[in-house]
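Notes follow the structure.
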Amino acid sequence: MTADGGAKPMKTRIPALLSGLALGASLVLVPAGAAAAASPAPAGGPSGNGQCAPQASAANSGATVASLRAFADCEIDRRPSTLNTLANAVSGSKTLGSDAGALSGEIAAEKSGLTTLRASVEAETSAKVLRADLEKIVSDYRVYALVVPQVNLTIAADAVLASQPKFSQLGTAVANRIAAASKAGKNTTAAQADLATMNADVAAAMALVGPLPAQLVPLTPAQYNAGTAGPILSAARTAIGRARDDLKAAVAAGKAALAALK
Amino acid sequence: MPAEVELNCRTAVASRLSVALLLVAIAAAGCGQHGAGPAQPAALSAATATVADSAAPIAPAPLETEAGSPAPAAQPTTATQAAATGGAVAQATPDPVDTSISGLNQLLNGIDGSLSGSDAGASGGE
(Lines give C-alpha, C1' and ligand atoms only; values in the text may rest on other atoms or scores of the structure.)
Protein backbone atom coordinates (compact mmCIF):
# COMPACT_ATOMS: atom_id res chain seq x y z
CA MET A 1 0.00 0.00 0.00
CA THR A 2 1.99 2.92 -1.21
CA ALA A 3 0.62 6.30 -1.95
CA ASP A 4 1.62 9.51 -3.51
CA GLY A 5 2.71 11.82 -0.77
CA GLY A 6 1.61 14.94 -2.62
CA ALA A 7 3.40 17.67 -4.59
CA LYS A 8 4.16 20.26 -1.92
CA PRO A 9 7.79 21.42 -1.57
CA MET A 10 9.62 19.65 1.23
CA LYS A 11 10.25 22.83 3.26
CA THR A 12 6.57 23.57 3.63
CA ARG A 13 5.58 19.94 3.83
CA ILE A 14 7.69 18.97 6.83
CA PRO A 15 6.33 21.55 9.29
CA ALA A 16 2.83 20.65 8.20
CA LEU A 17 3.64 16.97 8.67
CA LEU A 18 5.09 17.55 12.10
CA SER A 19 2.05 19.54 13.04
CA GLY A 20 -0.20 16.80 11.72
CA LEU A 21 1.64 14.09 13.55
CA ALA A 22 1.58 16.11 16.74
CA LEU A 23 -2.14 16.36 16.34
CA GLY A 24 -2.21 12.67 15.55
CA ALA A 25 -0.37 11.99 18.76
CA SER A 26 -3.31 13.44 20.60
CA LEU A 27 -5.66 10.92 19.04
CA VAL A 28 -7.38 8.56 21.34
CA LEU A 29 -9.01 5.58 19.79
CA VAL A 30 -11.43 4.93 22.59
CA PRO A 31 -10.70 1.25 23.29
CA ALA A 32 -6.96 1.68 22.96
CA GLY A 33 -7.01 4.72 25.15
CA ALA A 34 -8.96 2.88 27.80
CA ALA A 35 -6.50 0.01 27.67
CA ALA A 36 -3.55 2.36 27.98
CA ALA A 37 -5.09 3.99 31.01
CA ALA A 38 -5.64 0.66 32.68
CA SER A 39 -2.28 -0.93 32.03
CA PRO A 40 1.29 -0.08 31.04
CA ALA A 41 2.09 0.56 27.39
CA PRO A 42 2.06 -2.67 25.38
CA ALA A 43 5.26 -4.24 24.14
CA GLY A 44 4.63 -2.77 20.71
CA GLY A 45 5.17 0.74 22.05
CA PRO A 46 3.12 3.69 23.20
CA SER A 47 -0.32 3.97 21.75
CA GLY A 48 -2.29 6.45 23.77
CA ASN A 49 -3.20 10.07 23.76
CA GLY A 50 -0.28 12.48 23.44
CA GLN A 51 2.32 9.76 23.61
CA CYS A 52 4.46 11.34 20.92
CA ALA A 53 4.05 14.99 21.83
CA PRO A 54 7.55 15.31 23.40
CA GLN A 55 9.19 13.71 20.35
CA ALA A 56 7.19 15.96 18.04
CA SER A 57 8.30 19.01 19.96
CA ALA A 58 11.94 17.90 19.87
CA ALA A 59 11.81 17.22 16.12
CA ASN A 60 10.20 20.59 15.54
CA SER A 61 12.82 22.49 17.47
CA GLY A 62 15.79 20.68 15.99
CA ALA A 63 15.34 18.22 13.16
CA THR A 64 18.35 16.03 13.84
CA VAL A 65 18.61 12.39 12.82
CA ALA A 66 18.14 11.36 16.44
CA SER A 67 15.09 13.54 17.05
CA LEU A 68 13.47 12.60 13.76
CA ARG A 69 14.10 8.93 14.39
CA ALA A 70 12.69 9.16 17.90
CA PHE A 71 9.61 10.88 16.57
CA ALA A 72 9.18 8.32 13.80
CA ASP A 73 9.68 5.42 16.19
CA CYS A 74 7.05 6.78 18.52
CA GLU A 75 4.53 7.37 15.76
CA ILE A 76 5.10 3.94 14.26
CA ASP A 77 4.99 2.17 17.60
CA ARG A 78 1.61 3.49 18.65
CA ARG A 79 -0.07 2.26 15.49
CA PRO A 80 0.21 -1.51 16.00
CA SER A 81 -1.75 -1.16 19.22
CA THR A 82 -4.54 0.55 17.32
CA LEU A 83 -4.35 -2.07 14.59
CA ASN A 84 -4.49 -4.86 17.17
CA THR A 85 -7.63 -3.31 18.61
CA LEU A 86 -9.12 -3.27 15.13
CA ALA A 87 -8.07 -6.87 14.51
CA ASN A 88 -9.76 -7.92 17.74
CA ALA A 89 -12.90 -6.07 16.74
CA VAL A 90 -12.93 -7.90 13.42
CA SER A 91 -12.28 -11.33 14.86
CA GLY A 92 -14.78 -10.73 17.67
CA SER A 93 -17.57 -9.57 15.42
CA LYS A 94 -20.42 -12.05 15.08
CA THR A 95 -22.01 -10.19 12.22
CA LEU A 96 -19.13 -9.62 9.82
CA GLY A 97 -19.53 -11.94 6.90
CA SER A 98 -17.05 -12.33 4.10
CA ASP A 99 -15.77 -8.82 4.82
CA ALA A 100 -13.91 -10.12 7.86
CA GLY A 101 -11.24 -11.78 5.75
CA ALA A 102 -10.60 -8.68 3.66
CA LEU A 103 -10.39 -6.42 6.69
CA SER A 104 -8.11 -8.81 8.56
CA GLY A 105 -5.83 -8.97 5.52
CA GLU A 106 -5.69 -5.20 5.29
CA ILE A 107 -4.89 -4.83 8.98
CA ALA A 108 -2.16 -7.45 8.75
CA ALA A 109 -0.66 -5.72 5.71
CA GLU A 110 -0.61 -2.41 7.56
CA LYS A 111 1.19 -3.97 10.52
CA SER A 112 3.67 -5.69 8.28
CA GLY A 113 4.36 -2.51 6.33
CA LEU A 114 4.87 -0.48 9.48
CA THR A 115 7.27 -3.10 10.83
CA THR A 116 9.31 -2.85 7.67
CA LEU A 117 9.23 0.94 7.81
CA ARG A 118 10.43 0.89 11.39
CA ALA A 119 13.41 -1.22 10.43
CA SER A 120 14.19 1.29 7.70
CA VAL A 121 13.96 4.15 10.17
CA GLU A 122 16.31 2.41 12.58
CA ALA A 123 18.91 1.94 9.87
CA GLU A 124 18.59 5.42 8.36
CA THR A 125 21.27 8.03 8.96
CA SER A 126 19.98 10.75 6.69
CA ALA A 127 17.66 13.38 8.13
CA LYS A 128 16.20 13.94 4.68
CA VAL A 129 15.24 10.28 4.30
CA LEU A 130 13.90 10.22 7.84
CA ARG A 131 11.64 13.12 6.99
CA ALA A 132 10.33 11.11 4.05
CA ASP A 133 9.84 8.11 6.30
CA LEU A 134 7.90 10.26 8.72
CA GLU A 135 5.60 11.27 5.92
CA LYS A 136 5.12 7.66 4.88
CA ILE A 137 3.86 6.76 8.35
CA VAL A 138 0.84 8.86 7.56
CA SER A 139 0.40 8.79 3.83
CA ASP A 140 1.18 5.14 3.13
CA TYR A 141 -0.96 3.69 5.93
CA ARG A 142 -3.61 6.17 7.04
CA VAL A 143 -4.25 4.10 10.12
CA TYR A 144 -6.33 6.72 11.90
CA ALA A 145 -7.84 8.65 9.04
CA LEU A 146 -8.84 5.65 6.95
CA VAL A 147 -8.42 2.22 8.49
CA VAL A 148 -10.01 2.97 11.86
CA PRO A 149 -13.26 4.35 10.39
CA GLN A 150 -13.18 1.89 7.52
CA VAL A 151 -13.10 -1.12 9.81
CA ASN A 152 -15.56 0.27 12.34
CA LEU A 153 -18.03 1.41 9.71
CA THR A 154 -17.87 -1.93 7.91
CA ILE A 155 -18.53 -3.75 11.16
CA ALA A 156 -21.45 -1.43 11.87
CA ALA A 157 -22.86 -1.80 8.36
CA ASP A 158 -22.69 -5.58 8.48
CA ALA A 159 -24.35 -5.52 11.91
CA VAL A 160 -27.22 -3.48 10.49
CA LEU A 161 -27.60 -6.00 7.67
CA ALA A 162 -27.39 -8.91 10.10
CA SER A 163 -30.34 -7.53 12.01
CA GLN A 164 -32.71 -8.13 9.11
CA PRO A 165 -33.42 -11.83 9.78
CA LYS A 166 -33.81 -11.07 13.47
CA PHE A 167 -36.39 -8.40 12.69
CA SER A 168 -38.07 -10.80 10.29
CA GLN A 169 -38.33 -13.35 13.09
CA LEU A 170 -39.74 -10.72 15.43
CA GLY A 171 -42.21 -9.59 12.78
CA THR A 172 -43.47 -13.13 12.31
CA ALA A 173 -43.95 -13.57 16.05
CA VAL A 174 -45.82 -10.28 16.35
CA ALA A 175 -47.99 -11.13 13.33
CA ASN A 176 -48.88 -14.49 14.89
CA ARG A 177 -49.93 -12.79 18.10
CA ILE A 178 -51.97 -10.28 16.20
CA ALA A 179 -53.72 -13.12 14.37
CA ALA A 180 -54.44 -14.91 17.64
CA ALA A 181 -55.77 -11.75 19.23
CA SER A 182 -57.94 -11.02 16.22
CA LYS A 183 -59.32 -14.55 16.34
CA ALA A 184 -60.17 -13.96 19.97
CA GLY A 185 -62.20 -10.93 18.97
CA LYS A 186 -59.70 -8.30 20.03
CA ASN A 187 -59.20 -5.03 18.13
CA THR A 188 -55.75 -5.30 16.54
CA THR A 189 -55.75 -2.16 14.42
CA ALA A 190 -53.08 -0.37 16.46
CA ALA A 191 -50.86 -3.43 16.66
CA GLN A 192 -51.08 -3.95 12.93
CA ALA A 193 -50.09 -0.34 12.31
CA ASP A 194 -47.13 -0.67 14.66
CA LEU A 195 -46.00 -3.84 12.92
CA ALA A 196 -46.20 -2.11 9.55
CA THR A 197 -44.11 0.76 10.94
CA MET A 198 -41.52 -1.69 12.23
CA ASN A 199 -41.23 -3.40 8.87
CA ALA A 200 -40.96 -0.07 7.04
CA ASP A 201 -38.21 1.14 9.39
CA VAL A 202 -36.23 -2.05 8.86
CA ALA A 203 -36.60 -1.81 5.10
CA ALA A 204 -35.37 1.80 5.18
CA ALA A 205 -32.32 0.83 7.22
CA MET A 206 -31.43 -2.00 4.87
CA ALA A 207 -31.75 0.27 1.86
CA LEU A 208 -29.40 2.80 3.43
CA VAL A 209 -26.72 0.33 4.41
CA GLY A 210 -26.96 -2.42 1.79
CA PRO A 211 -24.41 -0.94 -0.64
CA LEU A 212 -21.93 0.27 1.99
CA PRO A 213 -19.71 -2.74 2.75
CA ALA A 214 -18.80 -3.09 -0.91
CA GLN A 215 -17.84 0.59 -0.96
CA LEU A 216 -15.94 0.62 2.32
CA VAL A 217 -13.86 -2.53 2.23
CA PRO A 218 -11.81 -1.76 -0.91
CA LEU A 219 -10.76 1.74 0.19
CA THR A 220 -7.01 2.34 0.22
CA PRO A 221 -4.65 4.98 1.60
CA ALA A 222 -4.00 6.07 -1.98
CA GLN A 223 -7.71 6.76 -2.42
CA TYR A 224 -7.71 8.69 0.82
CA ASN A 225 -4.70 10.73 -0.32
CA ALA A 226 -6.44 11.38 -3.63
CA GLY A 227 -9.47 12.69 -1.81
CA THR A 228 -11.92 10.01 -2.95
CA ALA A 229 -12.11 7.87 0.19
CA GLY A 230 -13.00 10.65 2.61
CA PRO A 231 -16.41 11.42 1.11
CA ILE A 232 -17.26 7.71 1.03
CA LEU A 233 -16.38 7.36 4.70
CA SER A 234 -18.36 10.45 5.59
CA ALA A 235 -21.43 9.38 3.64
CA ALA A 236 -21.24 5.90 5.12
CA ARG A 237 -21.04 7.34 8.63
CA THR A 238 -24.16 9.41 8.00
CA ALA A 239 -26.08 6.53 6.42
CA ILE A 240 -25.24 4.06 9.17
CA GLY A 241 -26.22 6.59 11.80
CA ARG A 242 -29.59 7.03 10.15
CA ALA A 243 -30.01 3.29 9.74
CA ARG A 244 -29.20 2.81 13.41
CA ASP A 245 -31.92 5.33 14.26
CA ASP A 246 -34.34 3.51 11.95
CA LEU A 247 -33.62 0.21 13.68
CA LYS A 248 -34.14 1.73 17.11
CA ALA A 249 -37.46 3.06 15.89
CA ALA A 250 -38.27 -0.40 14.54
CA VAL A 251 -37.64 -2.00 17.91
CA ALA A 252 -39.85 0.60 19.55
CA ALA A 253 -42.60 -0.08 17.02
CA GLY A 254 -42.36 -3.82 17.65
CA LYS A 255 -42.69 -3.24 21.38
CA ALA A 256 -45.64 -0.93 20.78
CA ALA A 257 -47.36 -3.61 18.70
CA LEU A 258 -46.95 -6.13 21.51
CA ALA A 259 -48.16 -3.63 24.08
CA ALA A 260 -51.24 -2.88 21.99
CA LEU A 261 -52.23 -6.53 22.22
CA LYS A 262 -52.23 -6.61 26.01
CA MET B 1 -55.87 -108.03 78.21
CA PRO B 2 -52.15 -108.58 77.87
CA ALA B 3 -49.87 -105.78 78.99
CA GLU B 4 -48.48 -105.14 75.50
CA VAL B 5 -51.93 -104.74 74.02
CA GLU B 6 -52.93 -102.40 76.82
CA LEU B 7 -49.84 -100.22 76.17
CA ASN B 8 -50.60 -99.97 72.49
CA CYS B 9 -54.14 -99.02 73.25
CA ARG B 10 -53.05 -96.24 75.61
CA THR B 11 -50.57 -94.93 73.06
CA ALA B 12 -53.23 -94.86 70.41
CA VAL B 13 -55.58 -93.00 72.70
CA ALA B 14 -52.86 -90.51 73.58
CA SER B 15 -52.06 -89.92 69.92
CA ARG B 16 -55.70 -89.34 69.08
CA LEU B 17 -56.04 -86.96 71.99
CA SER B 18 -52.96 -85.08 70.85
CA VAL B 19 -54.32 -84.78 67.34
CA ALA B 20 -57.66 -83.64 68.71
CA LEU B 21 -56.02 -81.07 70.95
CA LEU B 22 -53.97 -79.83 68.06
CA LEU B 23 -57.06 -79.42 65.91
CA VAL B 24 -58.83 -77.63 68.76
CA ALA B 25 -55.87 -75.36 69.20
CA ILE B 26 -55.80 -74.56 65.49
CA ALA B 27 -59.50 -73.90 65.51
CA ALA B 28 -59.17 -71.71 68.58
CA ALA B 29 -56.41 -69.78 67.00
CA GLY B 30 -58.53 -69.24 63.94
CA CYS B 31 -61.41 -68.06 66.01
CA GLY B 32 -59.08 -65.80 67.96
CA GLN B 33 -57.89 -64.10 64.81
CA HIS B 34 -61.40 -63.53 63.60
CA GLY B 35 -62.40 -62.29 66.97
CA ALA B 36 -59.54 -59.79 67.03
CA GLY B 37 -60.55 -58.30 63.70
CA PRO B 38 -60.45 -54.65 64.67
CA ALA B 39 -56.98 -54.96 66.09
CA GLN B 40 -55.49 -56.28 62.91
CA PRO B 41 -55.27 -53.01 60.94
CA ALA B 42 -53.57 -51.38 63.82
CA ALA B 43 -51.02 -54.13 63.92
CA LEU B 44 -50.54 -53.88 60.19
CA SER B 45 -50.23 -50.11 60.40
CA ALA B 46 -47.61 -50.43 63.02
CA ALA B 47 -45.77 -52.95 60.95
CA THR B 48 -46.00 -50.69 57.88
CA ALA B 49 -44.78 -47.74 59.84
CA THR B 50 -41.84 -49.76 61.03
CA VAL B 51 -41.01 -50.71 57.47
CA ALA B 52 -41.35 -47.11 56.42
CA ASP B 53 -39.08 -45.96 59.20
CA SER B 54 -36.51 -48.51 58.31
CA ALA B 55 -36.76 -47.52 54.64
CA ALA B 56 -36.22 -43.83 55.31
CA PRO B 57 -32.41 -43.98 55.57
CA ILE B 58 -32.20 -45.75 52.23
CA ALA B 59 -31.67 -42.46 50.40
CA PRO B 60 -28.48 -42.64 48.30
CA ALA B 61 -25.37 -41.59 50.09
CA PRO B 62 -23.49 -38.67 48.59
CA LEU B 63 -20.98 -39.69 45.99
CA GLU B 64 -17.46 -38.42 46.30
CA THR B 65 -16.29 -36.50 43.30
CA GLU B 66 -12.76 -36.45 42.00
CA ALA B 67 -12.22 -33.16 43.73
CA GLY B 68 -13.20 -34.73 47.01
CA SER B 69 -16.33 -32.73 47.48
CA PRO B 70 -19.55 -34.63 47.92
CA ALA B 71 -21.91 -34.61 45.01
CA PRO B 72 -25.42 -33.41 45.78
CA ALA B 73 -27.47 -36.17 47.36
CA ALA B 74 -30.65 -37.27 45.70
CA GLN B 75 -33.44 -35.57 47.55
CA PRO B 76 -36.83 -37.06 48.10
CA THR B 77 -39.28 -35.41 45.79
CA THR B 78 -42.69 -34.54 47.03
CA ALA B 79 -45.60 -33.41 44.97
CA THR B 80 -45.25 -29.94 46.48
CA GLN B 81 -41.59 -29.79 45.63
CA ALA B 82 -42.26 -30.95 42.09
CA ALA B 83 -44.93 -28.33 41.66
CA ALA B 84 -42.65 -25.64 43.00
CA THR B 85 -39.82 -26.69 40.70
CA GLY B 86 -42.14 -26.80 37.74
CA GLY B 87 -43.30 -23.32 38.57
CA ALA B 88 -39.74 -22.02 38.73
CA VAL B 89 -38.95 -23.54 35.35
CA ALA B 90 -42.04 -21.96 33.89
CA GLN B 91 -41.02 -18.58 35.30
CA ALA B 92 -37.42 -18.89 34.05
CA THR B 93 -38.42 -19.67 30.48
CA PRO B 94 -38.21 -16.33 28.66
CA ASP B 95 -40.75 -15.18 26.16
CA PRO B 96 -39.17 -15.74 22.70
CA VAL B 97 -40.31 -12.29 21.63
CA ASP B 98 -38.58 -10.69 24.62
CA THR B 99 -35.44 -12.66 23.78
CA SER B 100 -35.64 -11.46 20.21
CA ILE B 101 -36.01 -7.82 21.25
CA SER B 102 -33.16 -8.17 23.73
CA GLY B 103 -30.92 -9.58 21.00
CA LEU B 104 -31.78 -6.68 18.72
CA ASN B 105 -31.00 -4.15 21.45
CA GLN B 106 -27.61 -5.78 21.96
CA LEU B 107 -26.95 -5.59 18.26
CA LEU B 108 -27.90 -1.91 18.25
CA ASN B 109 -25.52 -1.27 21.13
CA GLY B 110 -22.78 -2.88 19.07
CA ILE B 111 -23.56 -0.58 16.17
CA ASP B 112 -23.35 2.40 18.49
CA GLY B 113 -19.94 1.21 19.67
CA SER B 114 -18.64 0.81 16.14
CA LEU B 115 -19.84 4.28 15.20
CA SER B 116 -18.08 5.73 18.24
CA GLY B 117 -14.90 3.90 17.26
CA SER B 118 -15.18 5.28 13.76
CA ASP B 119 -15.59 8.82 15.07
CA ALA B 120 -12.54 8.46 17.30
CA GLY B 121 -10.37 7.43 14.38
CA ALA B 122 -11.54 10.25 12.15
CA SER B 123 -9.86 12.80 14.43
CA GLY B 124 -6.47 11.16 14.18
CA GLY B 125 -4.56 14.13 12.83
CA GLU B 126 -3.63 12.33 9.67
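Letters A, B, ... mark the chains of the C-alpha coordinates in the order given; residue numbers begin at 1 per chain; ligand numbers begin at 1, in order shown.
Every protein or nucleic acid residue with an atom no more than 12 Å from Asp245 (chain A), counting only C-alpha atoms and leaving out same-chain residues fewer than 3 positions away, appears here: Val160, Asp201, Val202, Ala204, Ala205, Met206, Leu208, Thr238, Ala239, Ile240, Gly241, Arg242, Lys248, Ala249, Ala250, Val251 and Ala252 of chain A; Asn105, Leu108, Asn109, Ile111 and Asp112 of chain B.
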Give one line per residue of chain B that approaches chain A to at most 12 Å, naming the two atoms of the closest pair and their distance in Å to one decimal, counting only C-alpha atoms; sort by chain then ascending residue number and deliver it as a tab-separated table.
residue	atom	partner	partner_atom	distance
B:Asp95	CA	A:Ala173	CA	10.7
B:Pro96	CA	A:Ala173	CA	8.5
B:Val97	CA	A:Leu170	CA	6.4
B:Asp98	CA	A:Lys255	CA	9.1
B:Thr99	CA	A:Leu170	CA	9.6
B:Ser100	CA	A:Leu170	CA	6.3
B:Ile101	CA	A:Val251	CA	6.9
B:Ser102	CA	A:Val251	CA	9.6
B:Gly103	CA	A:Lys166	CA	8.2
B:Leu104	CA	A:Ser163	CA	6.9
B:Asn105	CA	A:Val251	CA	7.8
B:Gln106	CA	A:Ser163	CA	10.5
B:Leu107	CA	A:Ala159	CA	6.9
B:Leu108	CA	A:Arg244	CA	6.9
B:Asn109	CA	A:Arg244	CA	9.5
B:Gly110	CA	A:Ala156	CA	7.5
B:Ile111	CA	A:Ala156	CA	4.9
B:Asp112	CA	A:Arg244	CA	7.8
B:Gly113	CA	A:Ala156	CA	8.4
B:Ser114	CA	A:Asn152	CA	4.9
B:Leu115	CA	A:Leu153	CA	6.5
B:Ser116	CA	A:Val30	CA	8.0
B:Gly117	CA	A:Asn152	CA	6.2
B:Ser118	CA	A:Pro149	CA	4.0
B:Asp119	CA	A:Pro149	CA	6.9
B:Ala120	CA	A:Leu29	CA	5.2
B:Gly121	CA	A:Tyr144	CA	4.8
B:Ala122	CA	A:Ala145	CA	5.1
B:Ser123	CA	A:Leu27	CA	6.5
B:Gly124	CA	A:Gly24	CA	4.7
B:Gly125	CA	A:Gly24	CA	3.9
B:Glu126	CA	A:Ala145	CA	5.6
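CA of Asn60 (chain A) sits 28.9 Å away from CA of Gln223 (chain A).
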| task | Could you pull out the residues in region 178-252 of chain A that DSSP calls alpha helix (DSSP H) from the backbone, as a PyMOL selection string? | result | chain A and resi 178-183+189-209+212-216+221-225+229-252
| field | Nearest to Ala123 (chain A) by atom-to-atom distance, counting only C-alpha atoms, from A:Ala102, A:Ala256, A:Ala66, A:Ile107 | value |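 Closest residue, counting only C-alpha atoms: A:Ala66.
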| query | What does the distance between CA of Ala179 (chain A) and CA of Ala191 (chain A) come to in Å, to one decimal place? | reply | 10.4 Å
